[in-house]
$ cat query_33.txt   # compact mmCIF, C-alpha atoms and all ligand atoms
# COMPACT_ATOMS: atom_id res chain seq x y z
CA MET A 20 77.21 120.90 98.32
CA SER A 21 80.80 120.67 97.15
CA GLU A 22 83.45 118.68 98.95
CA PRO A 23 84.78 120.46 102.05
CA LYS A 24 88.37 121.50 101.30
CA LEU A 25 90.73 119.50 103.45
CA GLY A 26 92.60 121.89 105.68
CA THR A 27 89.78 124.40 105.50
CA LEU A 28 87.55 124.72 108.52
CA ALA A 29 83.90 124.68 107.49
CA VAL A 30 81.76 126.31 110.18
CA HIS A 31 78.00 126.13 110.02
CA ALA A 32 77.05 129.69 110.84
CA GLY A 33 73.35 129.08 110.39
CA GLU A 34 70.80 127.28 108.32
CA GLY A 35 72.43 126.45 104.98
CA GLU A 36 75.32 128.86 105.55
CA THR A 37 78.96 127.76 105.71
CA LEU A 38 82.01 129.78 106.79
CA SER A 39 85.25 128.73 105.18
CA VAL A 40 88.39 129.39 107.26
CA PRO A 41 91.82 128.86 105.66
CA ALA A 42 93.29 127.11 108.70
CA THR A 43 96.89 125.85 108.46
CA THR A 44 95.95 122.51 110.04
CA THR A 45 93.32 119.96 109.11
CA PRO A 46 90.31 120.35 111.41
CA VAL A 47 88.82 117.46 113.37
CA TYR A 48 85.43 116.91 111.77
CA GLN A 49 83.77 115.63 114.92
CA ALA A 50 80.53 114.81 113.12
CA THR A 51 78.80 111.49 112.60
CA THR A 52 76.60 112.82 109.79
CA TYR A 53 76.72 115.48 107.07
CA ARG A 54 74.08 117.83 105.65
CA PHE A 55 72.56 117.43 102.21
CA GLU A 56 71.30 120.54 100.39
CA THR A 57 68.51 118.75 98.58
CA ALA A 58 66.85 115.38 98.11
CA ALA A 59 68.63 115.17 94.75
CA ASP A 60 71.98 115.52 96.58
CA ALA A 61 71.03 112.80 99.06
CA ALA A 62 69.97 110.51 96.21
CA ALA A 63 73.18 111.28 94.29
CA TYR A 64 75.33 109.87 97.14
CA LEU A 65 74.30 106.32 96.34
CA ASP A 66 75.08 106.74 92.64
CA ALA A 67 78.45 108.44 93.11
CA PRO A 68 79.68 108.56 96.73
CA GLU A 69 83.10 109.92 95.66
CA GLY A 70 83.42 113.48 96.96
CA ARG A 71 80.13 113.26 98.87
CA TRP A 72 79.59 112.70 102.57
CA LEU A 73 76.91 110.62 104.27
CA TYR A 74 77.93 109.08 107.60
CA ALA A 75 81.16 108.82 109.59
CA ARG A 76 81.47 105.00 109.51
CA LEU A 77 81.61 105.40 105.72
CA GLU A 78 83.79 108.51 105.39
CA ASN A 79 85.10 111.40 107.48
CA PRO A 80 87.07 114.37 106.05
CA THR A 81 89.81 114.25 108.72
CA VAL A 82 90.29 110.54 108.05
CA VAL A 83 90.28 111.14 104.28
CA ALA A 84 93.05 113.74 104.73
CA ALA A 85 95.15 111.13 106.61
CA GLU A 86 94.44 108.55 103.90
CA ARG A 87 95.62 110.88 101.14
CA LYS A 88 98.79 111.61 103.08
CA ILE A 89 99.53 107.89 103.58
CA ALA A 90 98.87 107.14 99.90
CA ALA A 91 101.30 109.93 98.93
CA LEU A 92 103.94 108.68 101.40
CA GLU A 93 103.68 105.11 100.05
CA GLY A 94 103.57 106.07 96.35
CA ALA A 95 100.13 104.40 96.21
CA GLU A 96 96.95 105.49 94.42
CA ALA A 97 94.82 105.20 97.55
CA ALA A 98 94.78 104.29 101.23
CA ALA A 99 92.18 103.40 103.85
CA CYS A 100 92.53 104.09 107.57
CA PHE A 101 91.35 101.81 110.38
CA ALA A 102 90.86 101.85 114.15
CA SER A 103 93.98 99.67 114.62
CA GLY A 104 96.64 97.85 112.67
CA MET A 105 94.81 94.56 113.29
CA ALA A 106 91.57 96.03 111.89
CA ALA A 107 93.54 97.06 108.78
CA LEU A 108 95.00 93.54 108.37
CA THR A 109 91.56 91.98 108.93
CA ALA A 110 90.03 94.11 106.16
CA ALA A 111 92.95 93.40 103.80
CA PHE A 112 92.41 89.64 104.31
CA LEU A 113 88.59 89.75 104.09
CA ALA A 114 88.87 91.75 100.85
CA SER A 115 91.37 89.26 99.37
CA LEU A 116 90.15 85.79 100.44
CA ARG A 117 87.10 83.58 100.39
CA ALA A 118 86.39 80.09 101.79
CA GLY A 119 88.55 77.50 100.05
CA ASP A 120 91.38 79.94 99.29
CA ALA A 121 94.79 79.46 100.84
CA LEU A 122 96.55 82.28 102.69
CA LEU A 123 100.34 82.00 102.61
CA LEU A 124 101.48 83.02 106.06
CA CYS A 125 105.16 83.86 106.42
CA ASP A 126 106.67 82.05 109.43
CA THR A 127 108.13 85.31 110.78
CA LEU A 128 105.22 87.65 111.51
CA TYR A 129 103.75 89.88 114.19
CA GLY A 130 102.20 87.34 116.61
CA GLN A 131 98.65 88.68 116.43
CA THR A 132 98.67 88.41 112.62
CA THR A 133 99.38 84.68 112.95
CA ARG A 134 96.58 84.37 115.51
CA LEU A 135 94.15 86.26 113.24
CA ALA A 136 94.86 83.74 110.48
CA ARG A 137 94.74 80.71 112.77
CA ASP A 138 91.95 81.62 115.21
CA VAL A 139 89.64 83.60 112.91
CA LEU A 140 90.23 83.12 109.18
CA GLU A 141 90.60 79.33 109.43
CA ARG A 142 87.15 79.10 111.06
CA PHE A 143 85.68 80.64 107.89
CA GLY A 144 87.22 78.10 105.55
CA VAL A 145 90.48 79.85 104.67
CA GLU A 146 93.34 77.36 104.45
CA VAL A 147 96.42 78.73 106.21
CA ARG A 148 99.76 77.57 104.77
CA VAL A 149 102.94 78.59 106.59
CA VAL A 150 105.79 79.56 104.24
CA PRO A 151 109.41 80.09 105.34
CA PHE A 152 110.95 83.57 105.45
CA ASP A 153 114.15 82.13 103.95
CA GLY A 154 113.44 81.37 100.31
CA LEU A 155 110.05 83.11 100.41
CA ALA A 156 109.90 83.85 96.66
CA ALA A 157 110.57 80.18 95.84
CA ALA A 158 107.90 79.07 98.35
CA VAL A 159 105.40 81.41 96.66
CA ALA A 160 106.29 79.97 93.24
CA ALA A 161 105.68 76.46 94.60
CA ALA A 162 102.43 77.35 96.44
CA PRO A 163 99.27 75.27 95.96
CA ARG A 164 96.84 76.30 93.22
CA ASN A 165 94.31 77.77 95.66
CA ALA A 166 96.84 80.26 97.11
CA ARG A 167 95.29 83.74 96.81
CA ALA A 168 97.28 85.93 99.19
CA LEU A 169 100.62 86.14 100.98
CA VAL A 170 101.35 88.17 104.10
CA PHE A 171 104.94 89.05 104.99
CA GLU A 172 106.90 91.76 106.82
CA SER A 173 110.25 93.55 106.83
CA PRO A 174 112.03 94.40 109.03
CA THR A 175 110.64 91.53 111.13
CA ASN A 176 110.14 91.42 114.87
CA PRO A 177 112.51 91.15 116.74
CA THR A 178 115.33 89.90 114.47
CA LEU A 179 114.93 92.66 111.82
CA ARG A 180 115.15 90.27 108.88
CA ILE A 181 114.82 91.89 105.44
CA ALA A 182 113.01 89.97 102.68
CA ASP A 183 113.82 90.37 99.00
CA VAL A 184 110.62 92.41 98.59
CA PRO A 185 110.79 92.92 94.77
CA ALA A 186 111.46 89.18 94.18
CA VAL A 187 108.61 88.13 96.51
CA ALA A 188 106.23 90.65 94.90
CA ALA A 189 107.17 89.41 91.41
CA ALA A 190 106.67 85.76 92.45
CA CYS A 191 103.19 86.69 93.72
CA ARG A 192 102.31 88.58 90.51
CA ALA A 193 103.41 85.61 88.39
CA ARG A 194 101.03 83.33 90.32
CA GLY A 195 98.10 85.76 90.68
CA ILE A 196 98.65 85.81 94.46
CA ARG A 197 97.94 89.09 96.21
CA SER A 198 100.96 90.28 98.20
CA VAL A 199 100.15 91.93 101.54
CA PHE A 200 103.20 93.57 103.10
CA ASP A 201 103.18 94.76 106.71
CA ALA A 202 105.53 97.77 106.54
CA THR A 203 105.03 98.89 110.16
CA PHE A 204 108.71 98.50 111.16
CA ALA A 205 110.03 100.01 107.91
CA SER A 206 107.82 103.09 107.60
CA PRO A 207 107.62 104.66 104.12
CA VAL A 208 110.74 106.69 104.94
CA ASN A 209 112.91 103.57 104.84
CA LEU A 210 110.99 101.38 102.37
CA ARG A 211 108.18 102.01 99.89
CA ALA A 212 106.90 98.59 98.85
CA ILE A 213 104.20 99.65 96.35
CA PRO A 214 106.75 100.91 93.76
CA LEU A 215 108.59 97.58 94.32
CA GLY A 216 105.51 95.67 93.11
CA VAL A 217 103.67 94.81 96.34
CA ASP A 218 99.85 94.90 96.02
CA LEU A 219 98.82 96.07 99.50
CA VAL A 220 100.95 97.77 102.15
CA VAL A 221 99.60 97.59 105.70
CA HIS A 222 100.63 99.74 108.66
CA SER A 223 99.97 99.82 112.32
CA THR A 224 99.88 103.64 112.34
CA THR A 225 100.14 103.25 116.14
CA LYS A 226 103.90 102.94 115.62
CA PHE A 227 106.15 105.16 113.44
CA LEU A 228 103.45 106.98 111.39
CA ASN A 229 101.94 108.55 114.50
CA GLY A 230 105.19 108.25 116.44
CA HIS A 231 104.07 109.68 119.78
CA SER A 232 102.55 106.68 121.61
CA ASP A 233 99.19 108.47 121.82
CA HIS A 234 97.27 106.97 118.89
CA LEU A 235 95.92 103.55 117.92
CA GLY A 236 95.27 103.06 114.22
CA GLY A 237 96.03 101.20 111.03
CA ALA A 238 96.10 101.72 107.28
CA VAL A 239 96.04 99.80 104.00
CA ALA A 240 97.54 101.36 100.85
CA GLY A 241 97.47 100.15 97.25
CA SER A 242 95.81 100.64 93.88
CA ARG A 243 92.46 102.44 93.73
CA ALA A 244 90.70 99.19 92.75
CA LEU A 245 92.19 97.11 95.59
CA VAL A 246 91.66 99.81 98.21
CA ASP A 247 88.03 100.15 97.06
CA GLY A 248 87.60 96.46 97.90
CA VAL A 249 89.15 97.06 101.33
CA LEU A 250 86.86 100.08 101.88
CA ALA A 251 83.82 97.96 101.01
CA VAL A 252 84.80 95.60 103.85
CA ARG A 253 85.33 98.57 106.19
CA ARG A 254 81.86 99.95 105.47
CA SER A 255 80.29 96.65 106.56
CA THR A 256 82.60 95.70 109.40
CA GLY A 257 82.79 99.22 110.84
CA GLY A 258 86.50 99.56 111.57
CA ASN A 259 86.95 103.17 110.41
CA LEU A 260 89.38 105.39 112.29
CA ASP A 261 87.94 108.05 114.60
CA ALA A 262 88.31 111.69 113.48
CA ALA A 263 90.25 112.78 116.58
CA ALA A 264 92.64 109.82 116.16
CA ALA A 265 93.04 110.78 112.49
CA TYR A 266 94.15 114.24 113.63
CA ASP A 267 96.82 112.70 115.91
CA LEU A 268 97.99 110.64 112.96
CA LEU A 269 98.12 113.67 110.63
CA ARG A 270 100.09 115.65 113.18
CA GLY A 271 102.51 112.77 113.73
CA MET A 272 103.09 112.30 109.99
CA LYS A 273 104.21 115.93 109.62
CA THR A 274 107.45 114.99 111.41
CA LEU A 275 107.70 111.39 110.15
CA GLU A 276 110.77 111.90 107.99
CA VAL A 277 112.83 113.88 110.52
CA ARG A 278 111.93 111.43 113.28
CA VAL A 279 112.75 108.28 111.30
CA LEU A 280 115.99 109.67 109.85
CA ARG A 281 117.14 110.53 113.37
CA GLN A 282 116.00 107.14 114.72
CA ASN A 283 117.94 105.41 111.90
CA GLU A 284 121.08 107.27 112.94
CA THR A 285 120.60 106.71 116.67
CA ALA A 286 119.76 103.00 116.35
CA LEU A 287 122.90 102.38 114.29
CA ARG A 288 125.06 104.22 116.84
CA VAL A 289 123.49 102.30 119.74
CA ALA A 290 123.87 98.98 117.87
CA ARG A 291 127.57 99.74 117.26
CA ALA A 292 128.06 100.67 120.93
CA LEU A 293 126.60 97.31 122.05
CA GLU A 294 128.36 95.14 119.48
CA GLY A 295 131.46 93.52 120.97
CA HIS A 296 130.46 94.16 124.59
CA PRO A 297 131.63 91.14 126.64
CA ARG A 298 128.14 90.55 128.09
CA VAL A 299 126.44 90.77 124.67
CA GLU A 300 126.25 87.59 122.62
CA ARG A 301 124.85 89.18 119.49
CA VAL A 302 123.38 92.45 118.20
CA LEU A 303 120.79 92.39 115.41
CA TYR A 304 120.37 95.55 113.33
CA PRO A 305 119.99 95.53 109.51
CA PHE A 306 122.65 98.19 108.92
CA LEU A 307 125.30 96.32 110.93
CA GLU A 308 127.67 94.39 108.66
CA SER A 309 127.11 91.33 110.92
CA HIS A 310 123.34 91.15 110.19
CA PRO A 311 122.37 88.19 107.96
CA ASP A 312 120.43 90.50 105.59
CA HIS A 313 122.87 93.41 105.63
CA ALA A 314 123.44 93.36 101.86
CA MET A 315 119.68 93.25 101.14
CA ALA A 316 119.07 96.01 103.68
CA ARG A 317 121.64 98.28 102.03
CA VAL A 318 119.93 97.79 98.65
CA LEU A 319 116.29 98.14 99.76
CA LEU A 320 116.31 100.43 102.80
CA ARG A 321 117.14 104.08 103.25
CA GLY A 322 118.03 103.34 106.88
CA GLY A 323 118.01 100.41 109.27
CA GLY A 324 115.01 101.72 111.23
CA GLY A 325 114.45 102.60 114.87
CA VAL A 326 114.38 99.06 116.28
CA LEU A 327 117.35 96.86 117.25
CA SER A 328 117.73 93.69 119.30
CA PHE A 329 120.57 92.25 121.30
CA THR A 330 121.07 89.02 123.20
CA VAL A 331 122.60 89.13 126.66
CA ARG A 332 124.82 86.23 127.78
CA GLY A 333 123.12 84.25 130.56
CA GLY A 334 119.66 83.89 129.06
CA TYR A 335 116.43 85.11 130.60
CA PRO A 336 117.65 85.79 134.17
CA ALA A 337 120.43 88.00 132.76
CA VAL A 338 118.23 89.94 130.33
CA ALA A 339 115.59 90.42 133.04
CA ARG A 340 118.26 92.06 135.23
CA VAL A 341 119.37 94.35 132.35
CA HIS A 342 115.73 95.22 131.62
CA ASP A 343 115.02 96.03 135.26
CA ALA A 344 118.16 98.19 135.59
CA LEU A 345 117.19 100.58 132.76
CA ARG A 346 116.57 104.19 133.74
CA LEU A 347 116.16 106.27 130.57
CA VAL A 348 114.80 103.54 128.29
CA ALA A 349 111.26 102.69 129.42
CA ARG A 350 110.19 99.10 130.04
CA ALA A 351 107.25 98.97 127.65
CA SER A 352 105.96 97.14 124.59
CA SER A 353 105.23 98.85 121.25
CA LEU A 354 107.70 100.82 119.14
CA GLY A 355 108.17 103.79 116.85
CA GLY A 356 107.52 106.53 119.40
CA VAL A 357 109.69 109.46 120.48
CA GLU A 358 110.59 107.71 123.77
CA SER A 359 112.99 104.75 123.81
CA LEU A 360 111.30 101.50 124.86
CA ALA A 361 112.64 98.05 125.71
CA SER A 362 110.85 94.71 125.88
CA ILE A 363 111.83 91.04 126.20
CA PRO A 364 110.44 88.91 123.33
CA VAL A 365 110.23 85.64 125.36
CA ILE A 366 107.83 87.25 127.85
CA SER A 367 105.89 89.23 125.20
CA SER A 368 105.67 88.58 121.44
CA HIS A 369 107.32 85.12 121.63
CA ARG A 370 105.97 83.91 124.98
CA ASN A 371 104.61 80.66 123.56
CA ALA A 372 107.53 79.86 121.23
CA THR A 373 109.43 76.62 121.86
CA ASP A 374 113.22 76.56 122.16
CA ALA A 375 113.42 75.06 118.66
CA GLU A 376 111.23 77.85 117.21
CA LEU A 377 113.29 80.50 118.98
CA ALA A 378 116.54 78.98 117.74
CA ALA A 379 115.22 78.73 114.17
CA GLN A 380 114.40 82.46 114.22
CA GLY A 381 117.65 83.51 115.89
CA ILE A 382 115.93 84.73 119.06
CA GLY A 383 117.47 83.91 122.43
CA ARG A 384 115.93 83.69 125.91
CA GLY A 385 118.28 86.59 126.65
CA THR A 386 117.15 88.83 123.75
CA LEU A 387 116.07 92.41 124.44
CA ARG A 388 114.29 94.50 121.79
CA VAL A 389 114.89 98.24 121.89
CA SER A 390 112.91 100.88 119.99
CA VAL A 391 115.00 104.02 120.02
CA GLY A 392 113.28 107.36 120.48
CA LEU A 393 114.53 110.89 119.99
CA GLU A 394 116.73 111.09 123.08
CA ASP A 395 120.45 111.66 122.57
CA ALA A 396 122.12 108.55 121.12
CA GLU A 397 124.92 108.79 123.72
CA ASP A 398 122.37 108.82 126.56
CA ILE A 399 120.50 105.76 125.22
CA ALA A 400 123.74 103.81 124.70
CA ALA A 401 125.01 104.84 128.16
CA ASP A 402 121.78 103.63 129.80
CA LEU A 403 122.00 100.24 128.07
CA LEU A 404 125.74 99.84 128.83
CA ARG A 405 125.25 100.81 132.48
CA ALA A 406 122.35 98.32 132.79
CA LEU A 407 124.62 95.62 131.28
CA GLU A 408 127.38 96.40 133.80
CA GLN A 409 124.96 96.33 136.74
CA ALA A 410 123.25 93.11 135.72
C1 LIG B 1 101.72 96.70 116.31
C2 LIG B 1 101.77 95.90 115.08
C3 LIG B 1 100.60 95.42 114.46
C4 LIG B 1 99.23 95.60 115.07
O1 LIG B 1 98.86 96.93 115.12
P1 LIG B 1 97.83 97.52 116.21
O2 LIG B 1 97.77 98.95 115.85
O3 LIG B 1 98.43 97.24 117.56
O4 LIG B 1 96.54 96.79 116.01
C5 LIG B 1 100.71 94.73 113.27
N1 LIG B 1 101.92 94.51 112.72
C6 LIG B 1 103.07 94.93 113.27
C7 LIG B 1 104.36 94.64 112.61
C8 LIG B 1 103.03 95.64 114.47
O5 LIG B 1 104.17 96.07 115.03
$ encode --input "query_33.txt" --output "structure tokens"
Amino acid sequence: MSEPKLGTLAVHAGEGETLSVPATTTPVYQATTYRFETAADAAAYLDAPEGRWLYARLENPTVVAAERKIAALEGAEAAACFASGMAALTAAFLASLRAGDALLLCDTLYGQTTRLARDVLERFGVEVRVVPFDGLAAAVAAAPRNARALVFESPTNPTLRIADVPAVAAACRARGIRSVFDATFASPVNLRAIPLGVDLVVHSTTKFLNGHSDHLGGAVAGSRALVDGVLAVRRSTGGNLDAAAAYDLLRGMKTLEVRVLRQNETALRVARALEGHPRVERVLYPFLESHPDHAMARVLLRGGGGVLSFTVRGGYPAVARVHDALRLVARASSLGGVESLASIPVISSHRNATDAELAAQGIGRGTLRVSVGLEDAEDIAADLLRALEQA
């Protein structure tokens, strides 16, 4: 049997009969297994699985449609979807490392990525070496001989730092170190790291790619050969995305560009409205001239993204009052959705950080992270300014 056309609804009308419907959307193939015409077809799967279908942990047409879309968005040859962003990162690491190898772990990363390296990978003999965000390319060049992979992010959480992605990717290439770039905050609208020389781009599709806070998923994109290695891990570890969740991702990605372009615009307007407010110590947003990586951001990014942070004078008690006074902006973790969300790093992502670690990263006890949604920019800014006045 030939490959079901993606976007065409195949209906089994009866034994061996298939109806093909030219639907405008990709159907949810809610099937765990697929029919073979003959024993020869079944046997052929093992020789050449490409374009054949066996079992949903291995491949699902709705998921494959999402993977092709992500590969196209990233300018990559291939992509693999996962049940979460952490499952995607896990597979990227398992496909890239073996016992005795060193993983270069950037010091500014999503907290769970650090815990995955420390609590899981280290137990299997992977040496974890922390490398500084500032001067990352030089740290890669000076890495120990057993360094096999680097994981880094941009924009980072919650300070929105922007790495010199092409320089870091080139430093990795020169040393034979696989670069793994978590592009969740950037989205492919603002930054496409594969054309800049990165080996593997990882996404929590839970965030901007889906964009509606109703989907949990992840993806890895890269060359066909590297993604095949990642898929081999997925087949054994079983982290494939569910077909219904793949549909939510496909639907979200249809509006990715319009959403992110609007969020870029809104976040910049909100950041400007907050900057200079007497109760605000500092606003961090890559497209503000005051951001430490502003020049890099203007070169690498199409927009500053939908996330900004600001530090309220008075530390945690003051930011807690601002947080609790919000009306339009929801008090919630996560980011990249159509609703604006606010969270306090020192009681969420950076709960266990010491004062010295916070200071080194430029995070304050009074920092609030805001992910702007699709509400009117004036309304979001007014809510934040009113909460600042009341607090
Ligand atoms: C949310 C997030 C993850 C983890 O993704 P899940 O889908 O929650 O597993 C990884 N990296 C970054 C930067 C994230 O924001």
$ residues_near_ligand --input "query_33.txt" --ligand "ligand LIG 1 (chain B)" --cutoff "9 Å" --atoms "all atoms listed in the file" --output "ChimeraX atom specification"
/A:101-108,128-132,172-176,201-204,221-226,234-237,353-355
$ residues_around --input "query_33.txt" --residues "Ala410 of chain A" --least-positions-apart "5" --cutoff "7 Å" --atoms "all atoms listed in the file" --output "NGL selection string"
:A and (337 or 340-341)
$ closest_residue --input "query_33.txt" --among "A:Ala193, A:Arg405, A:Arg370, A:Leu393" --to "Ala286 of chain A" --atoms "all atoms listed in the file"
A:Leu393
$ closest_residue --input "query_33.txt" --among "A:Arg142, A:Arg321, A:Arg87, A:Arg388" --to "Leu210 of chain A" --atoms "all atoms listed in the file"
A:Arg321
$ atom_distance --input "query_33.txt" --atom1 "atom CA of Ala91 of chain A" --atom2 "atom CA of Leu65 of chain A"
27.4 Å
$ atom_distance --input "query_33.txt" --atom1 "atom CA of Ala406 of chain A" --atom2 "atom CA of Tyr335 of chain A"
14.6 Å
$ residues_near_point --input "query_33.txt" --point "(103.9, 98.5, 94.8)" --cutoff "10 Å" --atoms "all atoms listed in the file" --output "JSON, numbers by chain"
{"A": [93, 94, 95, 96, 184, 185, 188, 198, 200, 211, 212, 213, 214, 215, 216, 217, 218, 219, 220, 240, 241, 242]}
$ atom_distance --input "query_33.txt" --atom1 "atom CA of Ala361 of chain A" --atom2 "atom CA of Pro311 of chain A"
22.5 Å
$ closest_residue --input "query_33.txt" --among "A:Glu394, A:Asp261, A:Glu86, A:Glu408" --to "Val47 of chain A" --atoms "all atoms listed in the file"
A:Asp261
$ residues_around --input "query_33.txt" --residues "Gly381 of chain A" --least-positions-apart "4" --cutoff "9 Å" --atoms "all atoms listed in the file" --output "PyMOL selection string"
chain A and resi 178+376-377
$ residues_near_point --input "query_33.txt" --point "(97.9, 111.4, 110.3)" --cutoff "9 Å" --atoms "only C-alpha atoms" --output "JSON, numbers by chain"
{"A": [81, 82, 84, 85, 86, 88, 89, 224, 228, 229, 264, 265, 266, 267, 268, 269, 270, 271, 272, 273]}
$ build_atoms --input "query_33.txt" --residues "segment 88-96 of chain A" --atoms "all heavy atoms" --output "mmCIF file, in the coordinates of the input"
data_model
loop_
_atom_site.group_PDB
_atom_site.id
_atom_site.type_symbol
_atom_site.label_atom_id
_atom_site.label_comp_id
_atom_site.auth_asym_id
_atom_site.auth_seq_id
_atom_site.Cartn_x
_atom_site.Cartn_y
_atom_site.Cartn_z
ATOM 1 N N LYS A 88 97.391 111.431 102.667
ATOM 2 C CA LYS A 88 98.790 111.610 103.080
ATOM 3 C C LYS A 88 99.522 110.266 103.037
ATOM 4 O O LYS A 88 100.648 110.181 102.527
ATOM 5 C CB LYS A 88 98.819 112.200 104.489
ATOM 6 C CG LYS A 88 100.190 112.445 105.042
ATOM 7 C CD LYS A 88 100.758 113.735 104.545
ATOM 8 C CE LYS A 88 102.113 114.005 105.178
ATOM 9 N NZ LYS A 88 102.769 115.134 104.524
ATOM 10 N N ILE A 89 98.886 109.219 103.559
ATOM 11 C CA ILE A 89 99.530 107.890 103.580
ATOM 12 C C ILE A 89 99.736 107.376 102.156
ATOM 13 O O ILE A 89 100.797 106.842 101.828
ATOM 14 C CB ILE A 89 98.704 106.905 104.443
ATOM 15 C CG1 ILE A 89 98.802 107.306 105.913
ATOM 16 C CG2 ILE A 89 99.183 105.461 104.242
ATOM 17 C CD1 ILE A 89 97.835 106.597 106.835
ATOM 18 N N ALA A 90 98.731 107.573 101.296
ATOM 19 C CA ALA A 90 98.870 107.140 99.900
ATOM 20 C C ALA A 90 100.063 107.855 99.260
ATOM 21 O O ALA A 90 100.886 107.230 98.581
ATOM 22 C CB ALA A 90 97.583 107.411 99.127
ATOM 23 N N ALA A 91 100.185 109.163 99.507
ATOM 24 C CA ALA A 91 101.300 109.930 98.930
ATOM 25 C C ALA A 91 102.630 109.428 99.472
ATOM 26 O O ALA A 91 103.603 109.253 98.726
ATOM 27 C CB ALA A 91 101.115 111.417 99.233
ATOM 28 N N LEU A 92 102.697 109.164 100.781
ATOM 29 C CA LEU A 92 103.940 108.680 101.400
ATOM 30 C C LEU A 92 104.356 107.337 100.817
ATOM 31 O O LEU A 92 105.545 107.067 100.636
ATOM 32 C CB LEU A 92 103.764 108.528 102.917
ATOM 33 C CG LEU A 92 103.769 109.801 103.750
ATOM 34 C CD1 LEU A 92 103.283 109.508 105.168
ATOM 35 C CD2 LEU A 92 105.164 110.408 103.798
ATOM 36 N N GLU A 93 103.376 106.470 100.531
ATOM 37 C CA GLU A 93 103.680 105.110 100.050
ATOM 38 C C GLU A 93 103.829 105.042 98.534
ATOM 39 O O GLU A 93 104.148 103.983 97.999
ATOM 40 C CB GLU A 93 102.598 104.125 100.508
ATOM 41 C CG GLU A 93 102.660 103.775 101.992
ATOM 42 C CD GLU A 93 103.910 102.980 102.373
ATOM 43 O OE1 GLU A 93 104.654 102.539 101.480
ATOM 44 O OE2 GLU A 93 104.136 102.828 103.579
ATOM 45 N N GLY A 94 103.552 106.139 97.812
ATOM 46 C CA GLY A 94 103.570 106.070 96.350
ATOM 47 C C GLY A 94 102.432 105.193 95.841
ATOM 48 O O GLY A 94 102.561 104.515 94.824
ATOM 49 N N ALA A 95 101.296 105.211 96.570
ATOM 50 C CA ALA A 95 100.130 104.400 96.210
ATOM 51 C C ALA A 95 99.017 105.294 95.677
ATOM 52 O O ALA A 95 98.990 106.491 95.945
ATOM 53 C CB ALA A 95 99.631 103.634 97.435
ATOM 54 N N GLU A 96 98.082 104.701 94.932
ATOM 55 C CA GLU A 96 96.950 105.490 94.420
ATOM 56 C C GLU A 96 95.983 105.877 95.538
ATOM 57 O O GLU A 96 95.351 106.920 95.487
ATOM 58 C CB GLU A 96 96.170 104.667 93.374
ATOM 59 C CG GLU A 96 96.831 104.620 92.022
ATOM 60 C CD GLU A 96 96.108 103.675 91.075
ATOM 61 O OE1 GLU A 96 94.976 103.226 91.354
ATOM 62 O OE2 GLU A 96 96.715 103.376 90.033
#
